[in-house]
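Participant: What follows is my_file34.txt; its format and atoms are compact mmCIF, C-alpha atoms and all ligand atoms.
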# COMPACT_ATOMS: atom_id res chain seq x y z
CA MET A 269 0.00 0.00 0.00
CA LYS A 270 1.24 3.46 -0.86
CA LYS A 271 1.90 5.78 2.09
CA ASN A 272 0.00 9.06 2.25
CA ILE A 273 2.34 12.02 2.56
CA ALA A 274 1.24 15.57 3.35
CA ILE A 275 3.71 18.07 1.90
CA VAL A 276 3.07 20.85 4.34
CA CYS A 277 3.81 24.32 3.00
CA GLY A 278 2.93 28.03 3.18
CA GLY A 279 3.18 29.29 6.74
CA PHE A 280 2.73 32.64 8.43
CA SER A 281 5.89 34.49 7.40
CA GLY A 282 7.37 36.44 4.50
CA GLU A 283 8.72 33.10 3.24
CA TYR A 284 5.24 31.83 2.23
CA ASP A 285 5.85 31.95 -1.53
CA VAL A 286 9.28 30.39 -1.21
CA SER A 287 7.75 27.52 0.74
CA ILE A 288 5.17 26.89 -1.99
CA GLU A 289 8.03 26.65 -4.52
CA SER A 290 9.88 24.19 -2.27
CA ALA A 291 6.71 22.09 -1.95
CA LYS A 292 6.32 21.93 -5.73
CA LEU A 293 9.78 20.38 -6.14
CA VAL A 294 9.05 17.75 -3.49
CA HIS A 295 5.67 17.01 -5.08
CA LYS A 296 7.19 16.65 -8.53
CA HIS A 297 9.94 14.25 -7.49
CA LEU A 298 8.41 12.19 -4.71
CA ASP A 299 8.56 8.47 -5.55
CA ALA A 300 5.09 7.86 -7.01
CA GLU A 301 5.43 4.11 -6.57
CA LYS A 302 5.81 4.46 -2.83
CA TYR A 303 3.97 7.63 -1.93
CA GLU A 304 0.66 9.36 -2.53
CA ALA A 305 1.48 13.03 -2.06
CA TYR A 306 -0.91 15.85 -1.09
CA LEU A 307 0.10 19.50 -0.92
CA VAL A 308 -1.34 20.94 2.29
CA VAL A 309 -1.20 24.71 2.71
CA ILE A 310 -1.00 26.12 6.23
CA GLU A 311 -2.20 29.71 6.66
CA PRO A 312 -3.03 31.46 9.94
CA ASN A 313 -6.70 30.50 9.95
CA ASP A 314 -6.86 28.13 7.07
CA TRP A 315 -5.29 24.70 6.64
CA PHE A 316 -6.32 23.27 3.32
CA TYR A 317 -5.74 20.99 0.36
CA LYS A 318 -6.57 22.17 -3.14
CA THR A 319 -8.02 19.62 -5.55
CA ALA A 320 -6.89 19.50 -9.19
CA ASP A 321 -9.93 21.60 -10.16
CA GLY A 322 -9.03 24.25 -7.58
CA LYS A 323 -11.53 23.33 -4.85
CA LYS A 324 -10.31 24.08 -1.33
CA ILE A 325 -10.83 21.31 1.20
CA ASN A 326 -10.14 22.07 4.82
CA ILE A 327 -8.00 19.85 7.01
CA ASP A 328 -9.64 18.40 10.11
CA MET A 329 -7.23 19.63 12.79
CA GLN A 330 -8.36 16.92 15.20
CA ASP A 331 -6.32 14.29 13.34
CA PHE A 332 -4.89 16.25 10.38
CA SER A 333 -7.13 14.31 8.01
CA LEU A 334 -8.74 15.21 4.74
CA GLN A 335 -12.23 14.29 3.53
CA LEU A 336 -12.11 13.76 -0.25
CA ASN A 337 -15.69 12.98 -1.34
CA THR A 338 -16.37 9.72 0.51
CA LYS A 339 -12.71 8.96 1.18
CA LYS A 340 -11.05 10.01 4.41
CA VAL A 341 -7.31 10.53 3.90
CA LEU A 342 -5.15 9.98 6.99
CA PHE A 343 -1.48 10.82 6.65
CA ASP A 344 1.38 8.42 7.37
CA ALA A 345 3.93 11.22 7.46
CA VAL A 346 4.46 14.92 6.90
CA PHE A 347 7.08 16.37 4.57
CA ASN A 348 7.64 19.73 6.22
CA VAL A 349 8.73 22.56 3.91
CA ILE A 350 7.43 25.57 5.81
CA HIS A 351 10.26 28.09 6.07
CA GLY A 352 9.84 30.38 9.06
CA THR A 353 6.98 30.12 11.52
CA PRO A 354 5.21 27.77 12.31
CA GLY A 355 7.22 25.09 10.45
CA GLU A 356 10.81 26.03 11.27
CA ASP A 357 10.45 27.18 14.87
CA GLY A 358 8.95 24.05 16.41
CA LYS A 359 5.30 25.12 16.71
CA LEU A 360 3.91 22.81 14.07
CA GLN A 361 6.25 20.04 15.20
CA SER A 362 4.64 20.24 18.60
CA TYR A 363 1.16 19.74 17.06
CA PHE A 364 2.33 16.72 15.05
CA ASP A 365 4.02 15.26 18.14
CA ILE A 366 0.73 15.54 20.03
CA ILE A 367 -1.38 13.87 17.35
CA GLY A 368 1.36 11.34 16.55
CA ILE A 369 2.27 11.97 12.91
CA PRO A 370 6.00 11.67 12.06
CA TYR A 371 7.61 14.51 10.11
CA THR A 372 10.78 14.94 8.08
CA SER A 373 12.28 17.92 9.90
CA SER A 374 13.98 18.65 13.22
CA GLY A 375 11.81 18.40 16.33
CA VAL A 376 10.40 20.97 18.76
CA ASP A 377 13.46 21.75 20.92
CA SER A 378 15.91 21.66 18.06
CA SER A 379 13.78 23.92 15.84
CA SER A 380 13.02 26.40 18.56
CA LEU A 381 16.72 26.62 19.49
CA THR A 382 18.02 27.03 15.96
CA PHE A 383 15.33 29.44 14.76
CA ASN A 384 16.18 31.83 17.57
CA LYS A 385 19.46 33.35 16.36
CA PHE A 386 20.28 34.83 19.78
CA ASN A 387 19.93 31.47 21.56
CA CYS A 388 21.53 29.58 18.70
CA ASN A 389 24.59 31.86 18.73
CA ALA A 390 25.03 31.32 22.46
CA PHE A 391 24.79 27.56 21.90
CA VAL A 392 27.34 27.58 19.08
CA SER A 393 29.71 29.88 21.00
CA SER A 394 29.59 27.52 23.98
CA TYR A 395 31.56 25.03 21.85
CA GLY A 396 34.20 27.63 21.06
CA ILE A 397 33.04 28.10 17.47
CA ASN A 398 33.68 31.63 16.22
CA ARG A 399 30.78 34.08 15.81
CA ALA A 400 30.53 37.70 14.69
CA ARG A 401 30.62 39.95 17.75
CA SER A 402 27.10 41.16 18.45
CA MET A 403 24.73 43.11 20.66
CA SER A 404 21.07 42.43 21.17
CA TYR A 405 18.04 44.42 22.29
CA VAL A 406 14.42 43.67 23.09
CA LYS A 407 11.59 46.07 22.18
CA GLY A 408 11.44 49.06 24.51
CA GLU A 409 15.07 48.78 25.64
CA LYS A 410 17.19 51.90 25.41
CA ILE A 411 19.59 51.76 22.47
CA ASP A 412 22.72 53.90 22.37
CA ASN A 413 23.73 54.09 18.72
CA ASP A 414 27.15 55.66 19.40
CA GLU A 415 27.92 52.91 21.89
CA ILE A 416 27.06 50.29 19.25
CA VAL A 417 29.41 51.83 16.70
CA LYS A 418 32.13 52.20 19.33
CA THR A 419 31.79 48.50 20.20
CA LEU A 420 31.19 46.87 16.83
CA GLY A 421 32.45 49.41 14.30
CA LEU A 422 30.89 49.93 10.87
CA PRO A 423 29.33 48.53 8.76
CA LEU A 424 26.83 46.63 10.91
CA PHE A 425 24.26 43.96 10.23
CA ILE A 426 20.96 44.59 11.94
CA LYS A 427 18.50 41.71 11.92
CA PRO A 428 15.38 40.35 13.56
CA ASN A 429 16.15 37.54 15.98
CA ARG A 430 13.66 35.13 14.45
CA SER A 431 13.21 35.52 10.71
CA GLY A 432 14.57 34.13 7.47
CA SER A 433 15.20 34.84 3.78
CA SER A 434 16.90 38.07 4.94
CA VAL A 435 13.47 39.58 5.70
CA GLY A 436 14.00 42.62 7.96
CA ILE A 437 17.83 42.61 7.64
CA SER A 438 19.87 45.74 6.85
CA LYS A 439 23.51 46.42 6.28
CA VAL A 440 24.20 49.75 7.92
CA LYS A 441 27.16 51.94 7.00
CA SER A 442 26.65 55.00 9.20
CA VAL A 443 25.38 55.74 12.68
CA ASP A 444 22.42 57.70 11.21
CA GLU A 445 21.02 54.60 9.55
CA ILE A 446 20.86 52.54 12.73
CA ALA A 447 17.49 53.78 14.01
CA ASP A 448 15.59 52.95 10.79
CA ALA A 449 17.28 49.56 10.49
CA VAL A 450 16.40 48.69 14.08
CA LYS A 451 12.79 49.78 13.48
CA LYS A 452 12.61 47.56 10.41
CA ALA A 453 14.03 44.57 12.28
CA PHE A 454 11.54 45.09 15.12
CA GLU A 455 8.71 44.80 12.59
CA ALA A 456 9.61 41.12 12.20
CA ASP A 457 10.42 40.22 15.82
CA ASP A 458 10.60 41.73 19.29
CA ARG A 459 14.31 41.11 19.64
CA VAL A 460 16.96 42.47 17.28
CA LEU A 461 20.56 41.45 16.78
CA ILE A 462 23.24 43.89 15.79
CA GLU A 463 26.40 42.27 14.45
CA GLU A 464 29.78 43.42 13.30
CA PHE A 465 30.29 43.03 9.56
CA VAL A 466 32.31 39.95 8.69
CA ASP A 467 34.09 40.66 5.43
CA GLY A 468 34.70 37.33 3.73
CA ARG A 469 33.41 34.52 1.54
CA GLU A 470 30.04 32.95 2.33
CA ILE A 471 29.97 29.15 2.34
CA ALA A 472 27.05 26.80 2.91
CA CYS A 473 27.33 23.22 4.12
CA GLY A 474 24.40 20.84 3.75
CA ILE A 475 23.90 17.85 6.01
CA LEU A 476 21.63 14.95 5.11
CA GLN A 477 20.61 12.32 7.61
CA ARG A 478 20.30 8.75 6.33
CA GLY A 479 19.15 6.70 9.29
CA SER A 480 21.93 6.98 11.86
CA GLU A 481 24.41 8.14 9.21
CA ILE A 482 25.25 11.81 8.70
CA ILE A 483 26.12 12.71 5.11
CA VAL A 484 28.06 15.95 4.59
CA LEU A 485 27.20 17.32 1.16
CA PRO A 486 29.65 19.26 -1.05
CA LEU A 487 30.12 22.89 -0.03
CA THR A 488 28.53 25.77 -1.94
CA GLU A 489 29.90 29.29 -2.24
CA ILE A 490 27.35 32.07 -2.34
CA VAL A 491 28.36 35.15 -4.29
CA SER A 492 25.71 37.83 -4.13
CA LYS A 493 25.51 40.57 -6.78
CA ASN A 494 23.96 42.80 -4.11
CA GLU A 495 25.70 44.18 -1.01
CA PHE A 496 24.83 40.95 0.80
CA PHE A 497 22.68 37.86 0.28
CA ASP A 498 19.41 39.79 0.67
CA TYR A 499 15.87 38.75 -0.35
CA GLU A 500 16.31 39.97 -3.92
CA ALA A 501 19.63 38.19 -4.36
CA LYS A 502 18.14 35.01 -2.91
CA TYR A 503 15.11 34.82 -5.17
CA THR A 504 15.88 36.71 -8.37
CA LYS A 505 17.49 34.71 -11.10
CA GLY A 506 20.97 35.99 -11.87
CA MET A 507 21.32 38.06 -8.68
CA ALA A 508 23.59 35.55 -6.97
CA ASP A 509 25.95 32.79 -8.02
CA GLU A 510 25.70 29.66 -5.99
CA ILE A 511 28.75 27.63 -6.90
CA CYS A 512 28.83 23.96 -5.96
CA PRO A 513 31.36 22.59 -5.21
CA ALA A 514 32.79 25.79 -3.73
CA PRO A 515 36.07 26.53 -5.54
CA ASN A 516 39.44 27.14 -3.89
CA VAL A 517 38.42 26.73 -0.29
CA PRO A 518 41.57 26.11 1.74
CA GLU A 519 41.69 22.48 2.85
CA GLU A 520 41.76 23.40 6.53
CA ILE A 521 38.71 25.70 6.24
CA GLU A 522 36.77 23.04 4.33
CA GLN A 523 37.56 20.47 7.00
CA ASP A 524 36.51 22.83 9.80
CA ILE A 525 33.23 23.71 8.05
CA LYS A 526 32.38 20.05 7.52
CA THR A 527 33.42 18.98 11.01
CA PHE A 528 31.53 21.82 12.74
CA SER A 529 28.40 21.18 10.66
CA ALA A 530 28.28 17.45 11.39
CA PHE A 531 29.06 18.12 15.05
CA LEU A 532 26.39 20.83 15.40
CA PHE A 533 23.78 18.74 13.53
CA HIS A 534 24.30 16.08 16.17
CA GLN A 535 24.51 18.42 19.17
CA MET A 536 21.44 20.39 18.10
CA ASP A 537 19.57 17.13 17.53
CA CYS A 538 18.70 18.12 13.96
CA LYS A 539 16.81 15.76 11.68
CA GLY A 540 16.40 15.30 7.93
CA PHE A 541 18.39 17.84 5.95
CA VAL A 542 19.82 21.07 7.26
CA ARG A 543 22.04 23.85 5.87
CA PHE A 544 24.78 25.49 7.95
CA ASP A 545 26.10 28.84 6.73
CA TYR A 546 29.53 30.31 7.41
CA ILE A 547 31.70 33.24 6.39
CA PHE A 548 35.45 32.91 6.21
CA THR A 549 37.87 35.81 6.14
CA ASP A 550 41.60 35.83 5.49
CA SER A 551 42.21 34.77 9.05
CA ASP A 552 39.08 33.23 10.56
CA LEU A 553 36.00 31.11 10.04
CA TYR A 554 32.68 32.41 11.42
CA PHE A 555 29.46 30.49 11.96
CA LEU A 556 26.62 32.54 10.43
CA GLU A 557 23.44 30.55 10.99
CA VAL A 558 21.66 27.24 10.55
CA ASN A 559 18.52 26.62 8.47
CA THR A 560 16.54 23.58 9.59
CA ILE A 561 14.05 24.02 6.72
CA PRO A 562 16.39 25.20 3.97
CA GLY A 563 14.94 26.19 0.61
CA ILE A 564 14.41 23.22 -1.66
CA SER A 565 12.95 24.73 -4.77
CA GLU A 566 14.62 23.81 -8.08
CA ALA A 567 16.92 26.83 -7.77
CA SER A 568 17.78 26.40 -4.09
CA ILE A 569 21.20 25.62 -2.69
CA LEU A 570 20.60 22.32 -0.91
CA PRO A 571 19.05 20.37 -3.80
CA GLN A 572 22.01 21.38 -5.96
CA MET A 573 24.37 20.03 -3.29
CA ALA A 574 22.49 16.72 -3.29
CA LEU A 575 22.75 16.52 -7.09
CA GLU A 576 26.47 17.28 -6.91
CA PHE A 577 26.82 14.52 -4.32
CA GLY A 578 25.23 12.15 -6.83
CA LEU A 579 21.67 11.87 -5.58
CA SER A 580 18.69 12.48 -7.84
CA PHE A 581 15.86 14.48 -6.26
CA LYS A 582 13.84 11.26 -6.06
CA GLU A 583 16.66 9.43 -4.24
CA PHE A 584 17.15 12.40 -1.94
CA PHE A 585 13.47 12.53 -0.95
CA ASN A 586 13.37 8.75 -0.54
CA ILE A 587 16.20 9.02 2.00
CA VAL A 588 14.42 11.81 3.84
CA LEU A 589 11.12 9.91 4.07
CA GLY A 590 12.93 6.62 4.72
CA ASN A 591 14.21 8.17 7.97
CA ILE A 592 10.69 8.39 9.37
CA ILE A 593 8.60 5.66 7.68
CA LYS A 594 9.33 2.09 6.84
CA ASN A 595 7.93 0.81 3.57
N1 LIG A 601 27.60 39.65 10.45
C1 LIG A 601 27.50 39.55 9.11
N2 LIG A 601 28.55 39.90 8.32
C2 LIG A 601 28.46 39.83 6.97
N3 LIG A 601 27.36 39.44 6.31
C3 LIG A 601 26.28 39.09 7.04
C4 LIG A 601 26.30 39.11 8.48
N4 LIG A 601 25.09 38.69 8.92
C5 LIG A 601 24.36 38.45 7.83
N5 LIG A 601 25.05 38.68 6.70
C6 LIG A 601 24.53 38.57 5.31
O1 LIG A 601 23.11 38.61 5.38
C7 LIG A 601 22.54 37.38 4.91
C8 LIG A 601 21.33 36.98 5.76
O2 LIG A 601 21.70 36.83 7.10
P1 LIG A 601 21.25 35.59 7.97
O3 LIG A 601 21.76 35.78 9.35
O4 LIG A 601 21.66 34.35 7.28
O5 LIG A 601 19.66 35.72 8.00
P2 LIG A 601 18.47 34.88 7.32
O6 LIG A 601 18.06 33.91 8.38
O7 LIG A 601 17.41 35.87 7.03
O8 LIG A 601 19.03 34.20 6.10
C9 LIG A 601 23.68 36.39 4.95
O9 LIG A 601 23.48 35.37 4.01
C10 LIG A 601 24.89 37.27 4.64
O10 LIG A 601 24.99 37.54 3.24
MG MG A 602 20.68 32.98 6.00
Go ahead and express the file in the form of structure tokens.
Ligand SMILES: Nc1ncnc2c1ncn2[C@@H]1O[C@H](COP(=O)(O)OP(=O)(O)O)[C@@H](O)[C@H]1O
Ligand SMILES: [Mg+2]
Facilitator:
Amino acid sequence: MKKNIAIVCGGFSGEYDVSIESAKLVHKHLDAEKYEAYLVVIEPNDWFYKTADGKKINIDMQDFSLQLNTKKVLFDAVFNVIHGTPGEDGKLQSYFDIIGIPYTSSGVDSSSLTFNKFNCNAFVSSYGINRARSMSYVKGEKIDNDEIVKTLGLPLFIKPNRSGSSVGISKVKSVDEIADAVKKAFEADDRVLIEEFVDGREIACGILQRGSEIIVLPLTEIVSKNEFFDYEAKYTKGMADEICPAPNVPEEIEQDIKTFSAFLFHQMDCKGFVRFDYIFTDSDLYFLEVNTIPGISEASILPQMALEFGLSFKEFFNIVLGNIIKN
């Protein structure tokens, strides 16, 4: 019997459209001999499946089931591709834990730790892994802009604590720009992070879990045509080069990136596939962030890494689902 898979997508954040694109790739390449796939869209007050003729059918939240004419569809597993809340921060994971449906992504604690950049940075630093120096403020706290510049220099990166796809992030080059950038970051979250600028090459490292095995995928270098890897550079064709395998990475840096990523995947109790991002300068390697629901549209970084490693999309998704359901 084929297993019913809900590809859960959408979500409540600025990454909604990106998530729909990720879901389409999974839907297209899921092994049709093993799985019956349904795209389920999660919006703040609407969880639904759309039939081929465009009819919206609501999910019964009691058991996450779907009534299709006379057939009740119960799901064997969830393929989670919601970037941002509630799919990447642990909220939805908590619901699926309660009703007992397995899912492809990291669990509640792991997601909530990694989605919170402030907490995640403290976690990573506790292992002695290098991080950009930073300051952090909650809404309402007094912010002394001169003090920030004195401590961290210029330029600065100002970002919401919990966000993604560079939504709400600014690169600030003068003290006068700080207030507006902080305001923008506070629109996305009630804590902001202010970081020193790390001037270097941006490298991503994908990790894929296959049962108890951790596969480290080939590294990718991200070269943005914009000032940094902002929303436009991420999602506009031609605005960034994502080169896999990353060329001319010093052997020692490559080893450190791969070792740290595998180590952190384990320590953070990540599941499925995860992307760790770093920046390396002439002298140092810096951990940037971890994405527990990385983009997996056709153009995204992680699927390209899997291809480079030698896995077709179908094989890749079979591994991911094989981790949580036995056929
Ligand atoms: N401290 C920093 N120094 C240099 N570039 C940075 C720094 N922080 C962020 N960036 C740039 O901004 C992008 C988005 O930041 P990131 O922390 O990864 O947020 P998001 O979760 O939105 O992707 C990075 O890919 C990088 O290009
Ligand atoms: Mg990022």
Participant: Please write out the residues within 10 Å of ligand MG 602 (chain A) as a list of chain:residue names, counting all atoms listed in the file.
Facilitator: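 Taking all atoms listed in the file into account, the residues around ligand MG 602 (chain A) at most 10 Å away are A:Ser431, A:Gly432, A:Ser433, A:Ser434, A:Val435, A:Ala472, A:Phe497, A:Asp498, A:Tyr499, A:Lys502, A:Arg543, A:Phe544, A:Asp545, A:Tyr546, A:Leu556, A:Glu557, A:Val558, A:Asn559, A:Pro562.
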Participant: Of the candidates A:Pro515, A:Gly358, A:Pro428, A:Gly368, which shows the shortest atom-to-atom distance to Val406 (chain A), using all atoms listed in the file?
Facilitator: A:Pro428
Participant: Can you tell me, as a ChimeraX atom specification, what residues are no more than 10 Å from region 378-394 of chain A when counting only C-alpha atoms, ignoring any on the same chain fewer than 6 positions away?
Facilitator: /A:352-353,355-359,361,400,402-404,427-432,459-461,528,532-533,535-539,555-561
Participant: For the atom pair CA of Cys277 (chain A) and CA of Ala345 (chain A), what is the interatomic distance in Å to one decimal place?
Facilitator: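 A separation of 13.8 Å between them.
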Participant: Just give me the gap between CA of Glu304 (chain A) and CA of Leu570 (chain A) in Å, one decimal is fine.
Facilitator: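 Taking CA of Glu304 (chain A) as the start and CA of Leu570 (chain A) as the end point, the length is 23.8 Å.
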Participant: What lies within 10 Å of Asp552 (chain A) using only C-alpha atoms, ignoring chain neighbours under 4 positions off, as a list of chain:residue names?
Facilitator: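 In the requested format, the answer is A:Asn398, A:Arg399, A:Val466, A:Gly468, A:Ile521, A:Ile547, A:Phe548.
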Participant: Between A:Asp550, A:Asp448, A:Glu463, A:Glu522, which one has atoms that come closest to ligand LIG 601 (chain A), using all atoms listed in the file?
Facilitator: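 Closest to ligand LIG 601 (chain A) of all the choices is A:Glu463.
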Participant: Between CA of Glu409 (chain A) and CA of Gly282 (chain A), what distance in Å does the model show, to one decimal?
Facilitator: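 Spanning CA of Glu409 (chain A) to CA of Gly282 (chain A) is a straight-line distance of 25.7 Å.
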Participant: Find the residues around Glu481 (chain A) up to 12 Å (all atoms listed in the file counted), leave out those fewer than 6 positions away in its own chain, and share them as number ranges by chain.
Facilitator: A: 475, 530, 533-534, 539-541, 587-588, 591
Participant: In terms of the shortest atom-to-atom distance over only C-alpha atoms, which of A:Glu464, A:Asn313, A:Ile369, A:Val286 is closest to Lys418 (chain A)?
Facilitator: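 The answer is A:Glu464, which sits nearest to Lys418 (chain A).
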Participant: Which residue out of A:Ile462, A:Val440, A:Val491, A:Tyr363 has the minimum interatomic distance to Ile411 (chain A) when all atoms listed in the file are used?
Facilitator: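 Once distances to Ile411 (chain A) are computed over all atoms listed in the file, the minimum belongs to A:Ile462.
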Participant: Which of these, A:Gly590, A:Pro370, A:Gly563, A:Pro312, has the shortest distance to ligand LIG 601 (chain A) once you count only C-alpha atoms and all ligand atoms?
Facilitator: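 Among the listed residues, the smallest separation from ligand LIG 601 (chain A) belongs to A:Gly563.
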Participant: Applying 9 Å and all atoms listed in the file, which residues near Glu583 (chain A) remain after dropping the ones on its own chain fewer than 6 positions away? List them as an mmCIF file with C-alpha atoms, keeping the file's coordinate frame.
Facilitator:
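Final output, saved to result.cif:
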data_model
loop_
_atom_site.group_PDB
_atom_site.id
_atom_site.type_symbol
_atom_site.label_atom_id
_atom_site.label_comp_id
_atom_site.auth_asym_id
_atom_site.auth_seq_id
_atom_site.Cartn_x
_atom_site.Cartn_y
_atom_site.Cartn_z
ATOM 1 C CA HIS A 297 9.940 14.250 -7.490
ATOM 2 C CA LEU A 298 8.410 12.190 -4.710
ATOM 3 C CA ASP A 299 8.560 8.470 -5.550
#
Participant: Considering only C-alpha atoms, can you say which of A:Leu424, A:Ile483, A:Ile446, A:Ala456 comes closest to Phe496 (chain A)?
Facilitator: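 Of all the options, A:Leu424 lies closest to Phe496 (chain A).
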Participant: Determine the axis-aligned bounding box of all atoms of ligand LIG 601 (chain A) present in the file, pad each side by 4 Å, and express its centre and edge lengths in Å to one decimal place as AutoDock Vina command-line options.
Facilitator:
--center_x 23.0 --center_y 36.9 --center_z 6.8 --size_x 19.1 --size_y 14.0 --size_z 15.2
Participant: Just the residues within 9 Å of Val484 (chain A), please, counting all atoms listed in the file, with nothing from its chain fewer than 3 positions along; format it as an mmCIF file with C-alpha atoms, in the frame of the given file.
Facilitator:
data_model
loop_
_atom_site.group_PDB
_atom_site.id
_atom_site.type_symbol
_atom_site.label_atom_id
_atom_site.label_comp_id
_atom_site.auth_asym_id
_atom_site.auth_seq_id
_atom_site.Cartn_x
_atom_site.Cartn_y
_atom_site.Cartn_z
ATOM 1 C CA CYS A 473 27.330 23.220 4.120
ATOM 2 C CA GLY A 474 24.400 20.840 3.750
ATOM 3 C CA ILE A 475 23.900 17.850 6.010
ATOM 4 C CA LEU A 476 21.630 14.950 5.110
ATOM 5 C CA GLN A 477 20.610 12.320 7.610
ATOM 6 C CA LEU A 487 30.120 22.890 -0.030
ATOM 7 C CA LYS A 526 32.380 20.050 7.520
ATOM 8 C CA THR A 527 33.420 18.980 11.010
ATOM 9 C CA SER A 529 28.400 21.180 10.660
ATOM 10 C CA ALA A 530 28.280 17.450 11.390
#
Participant: Is there a way to complete region 411-417 of chain A with all heavy atoms and then write that out as a short mmCIF file (atom, residue, chain, number, x, y, z; two decimals), in the coordinates of the input?
Facilitator:
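The resulting selection_28.cif:
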data_model
loop_
_atom_site.label_atom_id
_atom_site.label_comp_id
_atom_site.auth_asym_id
_atom_site.auth_seq_id
_atom_site.Cartn_x
_atom_site.Cartn_y
_atom_site.Cartn_z
N ILE A 411 18.50 52.11 23.38
CA ILE A 411 19.59 51.76 22.47
C ILE A 411 20.49 52.97 22.26
O ILE A 411 20.02 54.04 21.87
CB ILE A 411 19.03 51.27 21.11
CG1 ILE A 411 18.09 50.07 21.33
CG2 ILE A 411 20.17 50.89 20.15
CD1 ILE A 411 17.51 49.48 20.06
N ASP A 412 21.76 52.82 22.55
CA ASP A 412 22.72 53.90 22.37
C ASP A 412 23.52 53.65 21.08
O ASP A 412 24.44 52.83 21.05
CB ASP A 412 23.64 53.96 23.60
CG ASP A 412 24.65 55.10 23.53
OD1 ASP A 412 24.93 55.58 22.41
OD2 ASP A 412 25.18 55.50 24.59
N ASN A 413 23.14 54.35 20.04
CA ASN A 413 23.73 54.09 18.72
C ASN A 413 25.25 54.32 18.69
O ASN A 413 25.99 53.56 18.05
CB ASN A 413 23.06 54.96 17.65
CG ASN A 413 21.60 54.59 17.48
OD1 ASN A 413 21.17 53.55 17.99
ND2 ASN A 413 20.84 55.42 16.79
N ASP A 414 25.70 55.38 19.39
CA ASP A 414 27.15 55.66 19.40
C ASP A 414 27.91 54.53 20.08
O ASP A 414 28.99 54.14 19.64
CB ASP A 414 27.43 57.00 20.10
CG ASP A 414 26.88 58.16 19.27
OD1 ASP A 414 27.00 58.07 18.02
OD2 ASP A 414 26.31 59.09 19.85
N GLU A 415 27.30 54.02 21.14
CA GLU A 415 27.92 52.91 21.89
C GLU A 415 28.07 51.67 20.98
O GLU A 415 29.09 50.97 21.00
CB GLU A 415 27.01 52.59 23.10
CG GLU A 415 27.52 51.51 24.04
CD GLU A 415 28.84 51.88 24.72
OE1 GLU A 415 29.06 53.09 24.93
OE2 GLU A 415 29.63 50.96 24.99
N ILE A 416 27.03 51.44 20.16
CA ILE A 416 27.06 50.29 19.25
C ILE A 416 28.22 50.42 18.28
O ILE A 416 29.01 49.50 18.08
CB ILE A 416 25.72 50.18 18.48
CG1 ILE A 416 24.60 49.79 19.45
CG2 ILE A 416 25.81 49.17 17.35
CD1 ILE A 416 23.21 49.92 18.86
N VAL A 417 28.34 51.61 17.69
CA VAL A 417 29.41 51.83 16.70
C VAL A 417 30.78 51.73 17.36
O VAL A 417 31.72 51.17 16.80
CB VAL A 417 29.20 53.18 15.98
CG1 VAL A 417 30.39 53.49 15.08
CG2 VAL A 417 27.92 53.15 15.15
#
